[in-house]
Every structure is written in C-alpha cells, then in structure tokens.
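S.K.: Here's a structure for you.
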Amino acid sequence: MLSFLGNQRQPGWMAILPRADGVTLAHVVRRRGALPCVQRLETFAIERDLADALTRLGASARLSAHACTTLLPSDAYAFTPLDDPGVPREERREALRWALKDMVSFPVDTACIDVLDVPAGSLGPGRAAGVLVVSAAEAAVRQHAAPFEAARVPLAAIDVPELAQRNVAALLEDENRGLVLLRVDEDGVMLTLTWRGELVAVRRRDDQDVRAINAGQLPDLGLVAERLSLELQRSLDNFDRQYSHVAVSRVVVAAPEAYKTLLPELAASSYLPVEPLDLSAVLDLSAVPALREPAAQVHALLAIGAALRDEAGA
C-alpha cells in the first residue's frame, strides 16, 4: 500500500505485526525456480509497550538489515471498490480521492490512498473497469508508524490485511482459476477472491460469535456454522454475479482449531470444494518446523502474507 523502499540489504521482507499475544516477526524470501522460503517466524512478548518491544527486537533481530513491513489494523483504513474514473493514470488517484469524499469518515484531502486495478477480464461484457481503493487518514497511519519510529525500526512499507491475504491466496490458486480464501480470526471474517495472482473482490464482516470462540468461549457452534455458511453462500453468489468470467476452483478455509467441526457444514453449503488451509505445498517451511502444524499456519497467515511482498514492493 504505502511503500518507502530504499536500499535493501537482506533478501525478502520482514513482516512485523503487533498482536494481542505479542509482536510476530515473519521473514520470507522469494526464490527464482523454487518455493518461497519462510526463514523466520517468531512471536515476542510485549513487556512494557510496543516501542520498547520493537527497540529490543531491532537489536536482537537486526531489523535494520531488512526491508520491514507491517499491516494497518482493520479499523484504521477503508477498502472501497469503485469504477475506474477513466482519467489519465497520473490523475487517477486524485480523481478517486474525491469520489471517496462521502464514503469515508476522515478528511480525504490529506488521506493516504493507494489504487489496485481489478484484473482485466474478470468482469462481464459491458461492465466498466473496476478498481479497489485503499484509503486511510494520515493521522491513523502516523499513529501506527509512531512506535516503529520511536524504536528506530525503518518501515519500507505499510500494508493492509486484504493484500497480505491476497499474497497467500495467489500461491494456492490453480492455474487460470480463481480461489476464494475464507479467513477467520480475532477481527472477524474476511473472504477474498483472487484470480491470476490478483485481488478481485473482498467481503469483510465482524462477528461477535466469532470473537467469542476466539476468546475461548463457546457459543452455539451450530449457530456459528449457520452464519458462516450463509456468509460463504452469499459471497460465492455475489462473486459469481459480479465476476462471471472468473471460474473459481475451490474455497480454502483458514480458521482456528475450534472451527474444525464446522468445515463439513461449510462444504455442505457450497457448490465448490471446501478445504482447510495447507501451506506446505506452496511454501518451503523447513526452517520453521512448527509451521507443519495447521493451527500454526492459520495463526501466521497474515504475517507470512505480509512478508510475501515481491521484490518490487507489491
């Protein structure tokens, strides 16, 4: 989203994600002719505050030797699908800035904005070209970056969870087929549709029952399954209507252990195969044996996805 990439010393990207259980570091290196390699994945406790934790990690993990990235929290930005304004590319960002004026709750004149093209060919005939606009208040971006600056940890980029999820989904796609990735975590539910390695559409929903399960409380799992199944069915129907030229091959589910019993119900509500997340076929996990466990893969999905930015910074 927001890239500040200068000279890069170590190959790949180091993702630094503040989380409820500490700070997660993920270092991933893309290699020509080989699977991307997860070279490091660790979570460190926050003993005092985030700036203090980052200061300690800056020295112990040699963060200044890496191109570092992080993700904005879900409440700090907006992710908005819009029609391409049809202006020259150098004018497009400003045209979309004012198109957002009545859609976001922060001033657009100083907002940080990035624009992603919806892949050509994903829309039906007669449909205007689409874009996905990521926007965030300048103050929100500065607030998120402040602990990194205080700790003298250089950020080469600041991204958003949708793009981290896209990076993982792109690896899981079957050739020339779309993929739906359903992620359930502490923020709720996010579904992404990717095709040919690019993000086509996103559906995101907060869910109190999901939050309860993630907190170790167990509401009626049947009700949770019903809601997730309905969300999946509606999302697939929406994707089919809006992006009829994308042939989706399957749905991959990344969810905590508590949701294992829900997979059959999700599969029953879908006309597509539904499978649990398995990164072992698309990533070299040999340096981090703990990632052989499905639960560890789910927990690390966003950190790994953030570190899967390509060398050009996308």
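Following the order of the structure tokens, first chain is A, next is B, and so on, with residues numbered from 1 inside each chain and ligands from 1 in the order they appear.
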I'd like the contact shell of Val246 (chain A) - 9 Å cut-off, only C-alpha atoms, skipping same-chain residues fewer than 4 positions apart - returned as number ranges by chain.
M.R.: A: 121-123, 176-178, 195, 239-240
S.K.: Give me the residues near region 254-261 of chain A as an mmCIF file with all heavy atoms, in the first residue's frame, where near means some atom within 8 Å (using only C-alpha atoms) and where sequence neighbours in that chain fewer than 2 positions away do not count.
M.R.:
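Result file is result-v4.cif:
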```cif
data_model
loop_
_atom_site.group_PDB
_atom_site.id
_atom_site.type_symbol
_atom_site.label_atom_id
_atom_site.label_comp_id
_atom_site.auth_asym_id
_atom_site.auth_seq_id
_atom_site.Cartn_x
_atom_site.Cartn_y
_atom_site.Cartn_z
ATOM 1 N N LEU A 181 -10.545 -17.479 -0.505
ATOM 2 C CA LEU A 181 -9.899 -17.779 0.773
ATOM 3 C C LEU A 181 -10.735 -17.150 1.886
ATOM 4 O O LEU A 181 -10.945 -15.941 1.912
ATOM 5 C CB LEU A 181 -8.476 -17.226 0.796
ATOM 6 C CG LEU A 181 -7.666 -17.398 2.090
ATOM 7 C CD1 LEU A 181 -7.636 -18.846 2.542
ATOM 8 C CD2 LEU A 181 -6.240 -16.875 1.896
ATOM 9 N N LEU A 182 -11.217 -17.979 2.782
ATOM 10 C CA LEU A 182 -12.018 -17.548 3.929
ATOM 11 C C LEU A 182 -11.128 -17.595 5.166
ATOM 12 O O LEU A 182 -10.650 -18.662 5.558
ATOM 13 C CB LEU A 182 -13.222 -18.469 4.109
ATOM 14 C CG LEU A 182 -13.996 -18.381 5.432
ATOM 15 C CD1 LEU A 182 -14.570 -16.996 5.652
ATOM 16 C CD2 LEU A 182 -15.095 -19.436 5.474
ATOM 17 N N ARG A 183 -10.889 -16.437 5.765
ATOM 18 C CA ARG A 183 -10.067 -16.353 6.971
ATOM 19 C C ARG A 183 -10.928 -15.912 8.149
ATOM 20 O O ARG A 183 -11.679 -14.947 8.050
ATOM 21 C CB ARG A 183 -8.923 -15.359 6.773
ATOM 22 C CG ARG A 183 -8.077 -15.111 8.025
ATOM 23 C CD ARG A 183 -6.870 -14.223 7.713
ATOM 24 N NE ARG A 183 -7.253 -12.949 7.141
ATOM 25 C CZ ARG A 183 -7.594 -11.871 7.861
ATOM 26 N NH1 ARG A 183 -7.608 -11.937 9.178
ATOM 27 N NH2 ARG A 183 -7.914 -10.745 7.259
ATOM 28 N N VAL A 184 -10.798 -16.633 9.248
ATOM 29 C CA VAL A 184 -11.499 -16.301 10.481
ATOM 30 C C VAL A 184 -10.442 -16.034 11.552
ATOM 31 O O VAL A 184 -9.583 -16.881 11.803
ATOM 32 C CB VAL A 184 -12.428 -17.439 10.937
ATOM 33 C CG1 VAL A 184 -13.155 -17.064 12.214
ATOM 34 C CG2 VAL A 184 -13.429 -17.787 9.844
ATOM 35 N N ASP A 185 -10.468 -14.839 12.150
ATOM 36 C CA ASP A 185 -9.514 -14.545 13.216
ATOM 37 C C ASP A 185 -10.139 -13.569 14.197
ATOM 38 O O ASP A 185 -11.358 -13.383 14.210
ATOM 39 C CB ASP A 185 -8.194 -14.022 12.651
ATOM 40 C CG ASP A 185 -8.326 -12.681 11.938
ATOM 41 O OD1 ASP A 185 -9.406 -12.045 12.018
ATOM 42 O OD2 ASP A 185 -7.350 -12.249 11.304
ATOM 43 N N ILE A 213 -15.643 -17.246 20.206
ATOM 44 C CA ILE A 213 -14.907 -18.502 20.036
ATOM 45 C C ILE A 213 -13.404 -18.249 20.133
ATOM 46 O O ILE A 213 -12.670 -18.989 20.794
ATOM 47 C CB ILE A 213 -15.259 -19.162 18.693
ATOM 48 C CG1 ILE A 213 -16.695 -19.688 18.726
ATOM 49 C CG2 ILE A 213 -14.293 -20.302 18.378
ATOM 50 C CD1 ILE A 213 -17.148 -20.302 17.438
ATOM 51 N N ASN A 214 -12.938 -17.175 19.509
ATOM 52 C CA ASN A 214 -11.513 -16.876 19.552
ATOM 53 C C ASN A 214 -11.051 -16.515 20.959
ATOM 54 O O ASN A 214 -9.873 -16.635 21.280
ATOM 55 C CB ASN A 214 -11.189 -15.743 18.582
ATOM 56 C CG ASN A 214 -11.369 -16.154 17.133
ATOM 57 O OD1 ASN A 214 -11.272 -17.326 16.807
ATOM 58 N ND2 ASN A 214 -11.647 -15.205 16.269
ATOM 59 N N VAL A 252 -10.739 -22.200 0.204
ATOM 60 C CA VAL A 252 -9.783 -22.597 1.240
ATOM 61 C C VAL A 252 -10.141 -21.851 2.520
ATOM 62 O O VAL A 252 -10.369 -20.642 2.502
ATOM 63 C CB VAL A 252 -8.339 -22.281 0.810
ATOM 64 C CG1 VAL A 252 -7.360 -22.561 1.954
ATOM 65 C CG2 VAL A 252 -7.950 -23.092 -0.423
ATOM 66 N N LEU A 263 -16.151 -27.263 9.234
ATOM 67 C CA LEU A 263 -15.805 -27.421 7.823
ATOM 68 C C LEU A 263 -16.819 -28.255 7.042
ATOM 69 O O LEU A 263 -17.191 -27.892 5.921
ATOM 70 C CB LEU A 263 -14.406 -28.013 7.685
ATOM 71 C CG LEU A 263 -13.255 -27.028 7.876
ATOM 72 C CD1 LEU A 263 -11.919 -27.755 7.850
ATOM 73 C CD2 LEU A 263 -13.283 -25.954 6.797
ATOM 74 N N PRO A 264 -17.310 -29.386 7.579
ATOM 75 C CA PRO A 264 -18.319 -30.146 6.821
ATOM 76 C C PRO A 264 -19.573 -29.333 6.539
ATOM 77 O O PRO A 264 -20.172 -29.470 5.462
ATOM 78 C CB PRO A 264 -18.614 -31.337 7.735
ATOM 79 C CG PRO A 264 -17.393 -31.503 8.563
ATOM 80 C CD PRO A 264 -16.900 -30.105 8.803
ATOM 81 N N GLU A 265 -19.984 -28.499 7.480
ATOM 82 C CA GLU A 265 -21.180 -27.678 7.256
ATOM 83 C C GLU A 265 -20.922 -26.619 6.206
ATOM 84 O O GLU A 265 -21.797 -26.311 5.387
ATOM 85 C CB GLU A 265 -21.633 -27.053 8.570
ATOM 86 C CG GLU A 265 -21.978 -28.090 9.633
ATOM 87 C CD GLU A 265 -23.075 -27.602 10.550
ATOM 88 O OE1 GLU A 265 -23.932 -26.823 10.100
ATOM 89 O OE2 GLU A 265 -23.074 -28.028 11.709
ATOM 90 N N PRO A 276 -9.326 -27.157 4.092
ATOM 91 C CA PRO A 276 -8.584 -26.392 5.097
ATOM 92 C C PRO A 276 -7.276 -25.868 4.513
ATOM 93 O O PRO A 276 -6.728 -26.428 3.565
ATOM 94 C CB PRO A 276 -8.322 -27.415 6.210
ATOM 95 C CG PRO A 276 -8.321 -28.736 5.504
ATOM 96 C CD PRO A 276 -9.320 -28.605 4.382
ATOM 97 N N LEU A 277 -6.779 -24.786 5.084
ATOM 98 C CA LEU A 277 -5.510 -24.205 4.649
ATOM 99 C C LEU A 277 -4.367 -25.204 4.827
ATOM 100 O O LEU A 277 -4.248 -25.851 5.862
ATOM 101 C CB LEU A 277 -5.215 -22.947 5.475
ATOM 102 C CG LEU A 277 -3.888 -22.236 5.199
ATOM 103 C CD1 LEU A 277 -3.927 -21.552 3.837
ATOM 104 C CD2 LEU A 277 -3.573 -21.219 6.299
ATOM 105 N N ALA A 295 -2.657 -25.390 12.848
ATOM 106 C CA ALA A 295 -3.026 -24.257 13.693
ATOM 107 C C ALA A 295 -1.991 -23.149 13.615
ATOM 108 O O ALA A 295 -2.329 -21.959 13.633
ATOM 109 C CB ALA A 295 -3.204 -24.713 15.138
ATOM 110 N N VAL A 298 -2.476 -21.149 10.362
ATOM 111 C CA VAL A 298 -3.606 -20.219 10.440
ATOM 112 C C VAL A 298 -3.211 -18.975 11.222
ATOM 113 O O VAL A 298 -3.485 -17.839 10.807
ATOM 114 C CB VAL A 298 -4.821 -20.911 11.087
ATOM 115 C CG1 VAL A 298 -5.920 -19.903 11.373
ATOM 116 C CG2 VAL A 298 -5.346 -22.020 10.174
ATOM 117 N N HIS A 299 -2.547 -19.164 12.347
ATOM 118 C CA HIS A 299 -2.155 -18.035 13.184
ATOM 119 C C HIS A 299 -1.163 -17.128 12.467
ATOM 120 O O HIS A 299 -1.170 -15.905 12.666
ATOM 121 C CB HIS A 299 -1.546 -18.550 14.490
ATOM 122 C CG HIS A 299 -1.227 -17.476 15.483
ATOM 123 N ND1 HIS A 299 0.027 -16.933 15.603
ATOM 124 C CD2 HIS A 299 -2.009 -16.820 16.368
ATOM 125 C CE1 HIS A 299 0.015 -15.999 16.536
ATOM 126 N NE2 HIS A 299 -1.204 -15.910 17.017
#
```
S.K.: Would you pick out the contacts of region 96-111 of chain A at 8 Å or less, using only C-alpha atoms, so that residues sharing its chain but fewer than 4 positions from it are not included, and give the list as a list in words?
M.R.: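 Everything that qualifies: Ala78, Pro85, Arg92, Val133, Ser135, Ala136, Ala137 and Glu138 of chain A.
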S.K.: Export, as a PDB file, in the first residue's frame, the selected residues with all heavy atoms.
M.R.:
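selection.pdb was written with the following content:
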```pdb
ATOM      1  N   ALA A  78     -10.026   2.193   5.048  1.00  0.00           N
ATOM      2  CA  ALA A  78     -11.205   1.762   4.285  1.00  0.00           C
ATOM      3  C   ALA A  78     -10.731   1.064   3.015  1.00  0.00           C
ATOM      4  O   ALA A  78      -9.708   1.432   2.437  1.00  0.00           O
ATOM      5  CB  ALA A  78     -12.075   2.962   3.927  1.00  0.00           C
ATOM      6  N   PRO A  85     -12.152   5.808 -12.878  1.00  0.00           N
ATOM      7  CA  PRO A  85     -12.678   7.109 -13.317  1.00  0.00           C
ATOM      8  C   PRO A  85     -12.405   7.441 -14.772  1.00  0.00           C
ATOM      9  O   PRO A  85     -12.946   8.419 -15.312  1.00  0.00           O
ATOM     10  CB  PRO A  85     -11.974   8.102 -12.381  1.00  0.00           C
ATOM     11  CG  PRO A  85     -10.709   7.411 -11.985  1.00  0.00           C
ATOM     12  CD  PRO A  85     -11.058   5.947 -11.899  1.00  0.00           C
ATOM     13  N   ARG A  92      -5.457   9.672 -11.751  1.00  0.00           N
ATOM     14  CA  ARG A  92      -6.474   8.765 -11.228  1.00  0.00           C
ATOM     15  C   ARG A  92      -6.594   8.826  -9.710  1.00  0.00           C
ATOM     16  O   ARG A  92      -7.702   8.832  -9.161  1.00  0.00           O
ATOM     17  CB  ARG A  92      -6.160   7.335 -11.678  1.00  0.00           C
ATOM     18  CG  ARG A  92      -7.237   6.340 -11.309  1.00  0.00           C
ATOM     19  CD  ARG A  92      -7.035   5.010 -11.967  1.00  0.00           C
ATOM     20  NE  ARG A  92      -5.818   4.350 -11.505  1.00  0.00           N
ATOM     21  CZ  ARG A  92      -5.578   3.052 -11.694  1.00  0.00           C
ATOM     22  NH1 ARG A  92      -6.441   2.309 -12.354  1.00  0.00           N
ATOM     23  NH2 ARG A  92      -4.468   2.508 -11.252  1.00  0.00           N
ATOM     24  N   VAL A 133      -9.823   0.658  -3.885  1.00  0.00           N
ATOM     25  CA  VAL A 133      -9.131   1.818  -3.315  1.00  0.00           C
ATOM     26  C   VAL A 133      -8.901   1.602  -1.825  1.00  0.00           C
ATOM     27  O   VAL A 133      -9.843   1.362  -1.068  1.00  0.00           O
ATOM     28  CB  VAL A 133      -9.942   3.114  -3.536  1.00  0.00           C
ATOM     29  CG1 VAL A 133      -9.159   4.317  -3.011  1.00  0.00           C
ATOM     30  CG2 VAL A 133     -10.271   3.300  -5.011  1.00  0.00           C
ATOM     31  N   SER A 135      -7.734   3.443   1.497  1.00  0.00           N
ATOM     32  CA  SER A 135      -7.568   4.809   1.986  1.00  0.00           C
ATOM     33  C   SER A 135      -7.497   4.802   3.505  1.00  0.00           C
ATOM     34  O   SER A 135      -8.150   3.995   4.173  1.00  0.00           O
ATOM     35  CB  SER A 135      -8.730   5.700   1.518  1.00  0.00           C
ATOM     36  OG  SER A 135      -9.976   5.193   1.958  1.00  0.00           O
ATOM     37  N   ALA A 136      -6.703   5.707   4.035  1.00  0.00           N
ATOM     38  CA  ALA A 136      -6.545   5.811   5.481  1.00  0.00           C
ATOM     39  C   ALA A 136      -6.248   7.250   5.845  1.00  0.00           C
ATOM     40  O   ALA A 136      -5.571   7.966   5.096  1.00  0.00           O
ATOM     41  CB  ALA A 136      -5.418   4.904   5.974  1.00  0.00           C
ATOM     42  N   ALA A 137      -6.775   7.679   6.979  1.00  0.00           N
ATOM     43  CA  ALA A 137      -6.468   9.021   7.463  1.00  0.00           C
ATOM     44  C   ALA A 137      -4.967   9.122   7.729  1.00  0.00           C
ATOM     45  O   ALA A 137      -4.349   8.195   8.267  1.00  0.00           O
ATOM     46  CB  ALA A 137      -7.257   9.317   8.738  1.00  0.00           C
ATOM     47  N   GLU A 138      -4.398  10.245   7.355  1.00  0.00           N
ATOM     48  CA  GLU A 138      -2.963  10.442   7.579  1.00  0.00           C
ATOM     49  C   GLU A 138      -2.608  10.257   9.054  1.00  0.00           C
ATOM     50  O   GLU A 138      -1.588   9.655   9.392  1.00  0.00           O
ATOM     51  CB  GLU A 138      -2.557  11.837   7.112  1.00  0.00           C
ATOM     52  CG  GLU A 138      -1.082  12.127   7.267  1.00  0.00           C
ATOM     53  CD  GLU A 138      -0.734  13.543   6.847  1.00  0.00           C
ATOM     54  OE1 GLU A 138      -1.634  14.403   6.823  1.00  0.00           O
ATOM     55  OE2 GLU A 138       0.455  13.797   6.571  1.00  0.00           O
TER      56      GLU A 138
END
```
S.K.: Which residue gives the smallest distance to Ala150 (chain A) among A:Ala53, A:Val87, A:Ala287, A:Leu17, with only C-alpha atoms counted?
M.R.: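 So, comparing all the options, the nearest one is A:Ala53.
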S.K.: Assign secondary structure with DSSP using the backbone only, and return the residues of region 48-277 of chain A in helix (DSSP H, G or I) as a ChimeraX atom specification.
M.R.: /A:50-60,63-65,74-76,89-99,138-150,161-172,208-214,221-242,257-268
S.K.: For a test of reading the model, state the distance in Å between CA of Val248 (chain A) and CA of Gly130 (chain A), rounded to one decimal.
M.R.: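 Separation between CA of Val248 (chain A) and CA of Gly130 (chain A): 19.0 Å.
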S.K.: Hey, what's within 9 Å of region 27-38 of chain A if we count only C-alpha atoms and toss same-chain stuff fewer than 3 positions away? As a list in words, please?
M.R.: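 Returned residues: Pro11, Gly12, Trp13, Met14, Ala15, Ile16, Leu41, His66, Ala281, Val282, Leu283, Asp284, Leu285, Ser286, Ala287, Val288, Ala303, Ile304, Gly305, Ala307, Leu308, Arg309, Asp310 and Glu311 of chain A.
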S.K.: Store the residues of this selection in a file with C-alpha atoms, as a PDB file, in the first residue's frame.
M.R.:
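The resulting file, selection-v7.pdb, is shown below:
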```pdb
ATOM      1  CA  PRO A  11      16.670 -10.512   0.536  1.00  0.00           C
ATOM      2  CA  GLY A  12      12.935 -10.770   1.051  1.00  0.00           C
ATOM      3  CA  TRP A  13      10.722  -8.940   3.524  1.00  0.00           C
ATOM      4  CA  MET A  14      10.459  -8.935   7.301  1.00  0.00           C
ATOM      5  CA  ALA A  15       6.851  -8.500   8.450  1.00  0.00           C
ATOM      6  CA  ILE A  16       6.409  -7.068  11.948  1.00  0.00           C
ATOM      7  CA  LEU A  41       8.621 -16.930  12.285  1.00  0.00           C
ATOM      8  CA  HIS A  66      15.856  -5.969   6.421  1.00  0.00           C
ATOM      9  CA  ALA A 281       2.698 -27.436  -0.813  1.00  0.00           C
ATOM     10  CA  VAL A 282       3.315 -23.779  -1.729  1.00  0.00           C
ATOM     11  CA  LEU A 283       5.972 -22.661   0.778  1.00  0.00           C
ATOM     12  CA  ASP A 284       9.293 -24.035   1.956  1.00  0.00           C
ATOM     13  CA  LEU A 285       8.672 -24.451   5.688  1.00  0.00           C
ATOM     14  CA  SER A 286      11.851 -26.376   6.501  1.00  0.00           C
ATOM     15  CA  ALA A 287      13.395 -23.513   8.502  1.00  0.00           C
ATOM     16  CA  VAL A 288      10.319 -23.274  10.741  1.00  0.00           C
ATOM     17  CA  ALA A 303       2.368 -12.313   8.942  1.00  0.00           C
ATOM     18  CA  ILE A 304       3.518 -14.664   6.188  1.00  0.00           C
ATOM     19  CA  GLY A 305       1.300 -12.902   3.654  1.00  0.00           C
ATOM     20  CA  ALA A 307       6.246 -10.858   4.132  1.00  0.00           C
ATOM     21  CA  LEU A 308       5.341 -12.308   0.711  1.00  0.00           C
ATOM     22  CA  ARG A 309       5.531  -8.902  -0.964  1.00  0.00           C
ATOM     23  CA  ASP A 310       7.576  -9.262  -4.115  1.00  0.00           C
ATOM     24  CA  GLU A 311      10.950  -7.622  -4.555  1.00  0.00           C
TER      25      GLU A 311
END
```
S.K.: Could you jot down the CA of Thr55 (chain A) to CA of Pro147 (chain A) separation for me, Å, one decimal place?
M.R.: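 Value for the CA of Thr55 (chain A)-CA of Pro147 (chain A) distance: 9.0 Å.
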S.K.: Enumerate as a PyMOL selection string all residues of region 47-275 of chain A assigned to strand (DSSP E or B) by DSSP on the backbone, naming them with the chain letters and numbers the document uses.
M.R.: chain A and resi 67-71+78-83+112-117+130-136+155-159+178-185+188-195+198-205+248-254+274-275
S.K.: Looking at A:Ala156, A:Arg89, A:Asp83, A:Glu47, which one is nearest to Arg9 (chain A), with distances taken over only C-alpha atoms?
M.R.: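 Closest to Arg9 (chain A), using only C-alpha atoms: A:Ala156.
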S.K.: From the set A:Gln242, A:Arg204, A:Gln143, A:Leu279, which residue has the shortest atom-to-atom contact distance to Ala169 (chain A), counting only C-alpha atoms?
M.R.: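 Under the stated criterion, the closest residue is A:Leu279.
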S.K.: May I ask which of the residues A:Val274, A:Ala139, A:Val180, A:Val168 is the closest one to Ala300 (chain A), counting only C-alpha atoms?
M.R.: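 Smallest separation from Ala300 (chain A) among the options: A:Val168.
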S.K.: Restricting the calculation to only C-alpha atoms, which member of A:Pro73, A:Pro289, A:Gly197, A:Pro294 is positioned closest to Asn167 (chain A)?
M.R.: A:Gly197
S.K.: When you look at Leu272 (chain A) with a cut-off of 10 Å (counting only C-alpha atoms), what residues show up, excluding the ones that are within fewer than 3 positions of it in the same chain? I need them as an MDAnalysis selection string.
M.R.: chainID A and resid 180 236 248:251 267:269 275
S.K.: I'd like the neighbourhood of Phe148 (chain A) as a list in words, where a residue qualifies if any of its atoms comes within 8 Å (using only C-alpha atoms), though same-chain residues fewer than 4 positions away should be ignored.
M.R.: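 The contact residues come out as Ala51, Leu54, Arg152, Val153, Pro154 and Leu155 of chain A.
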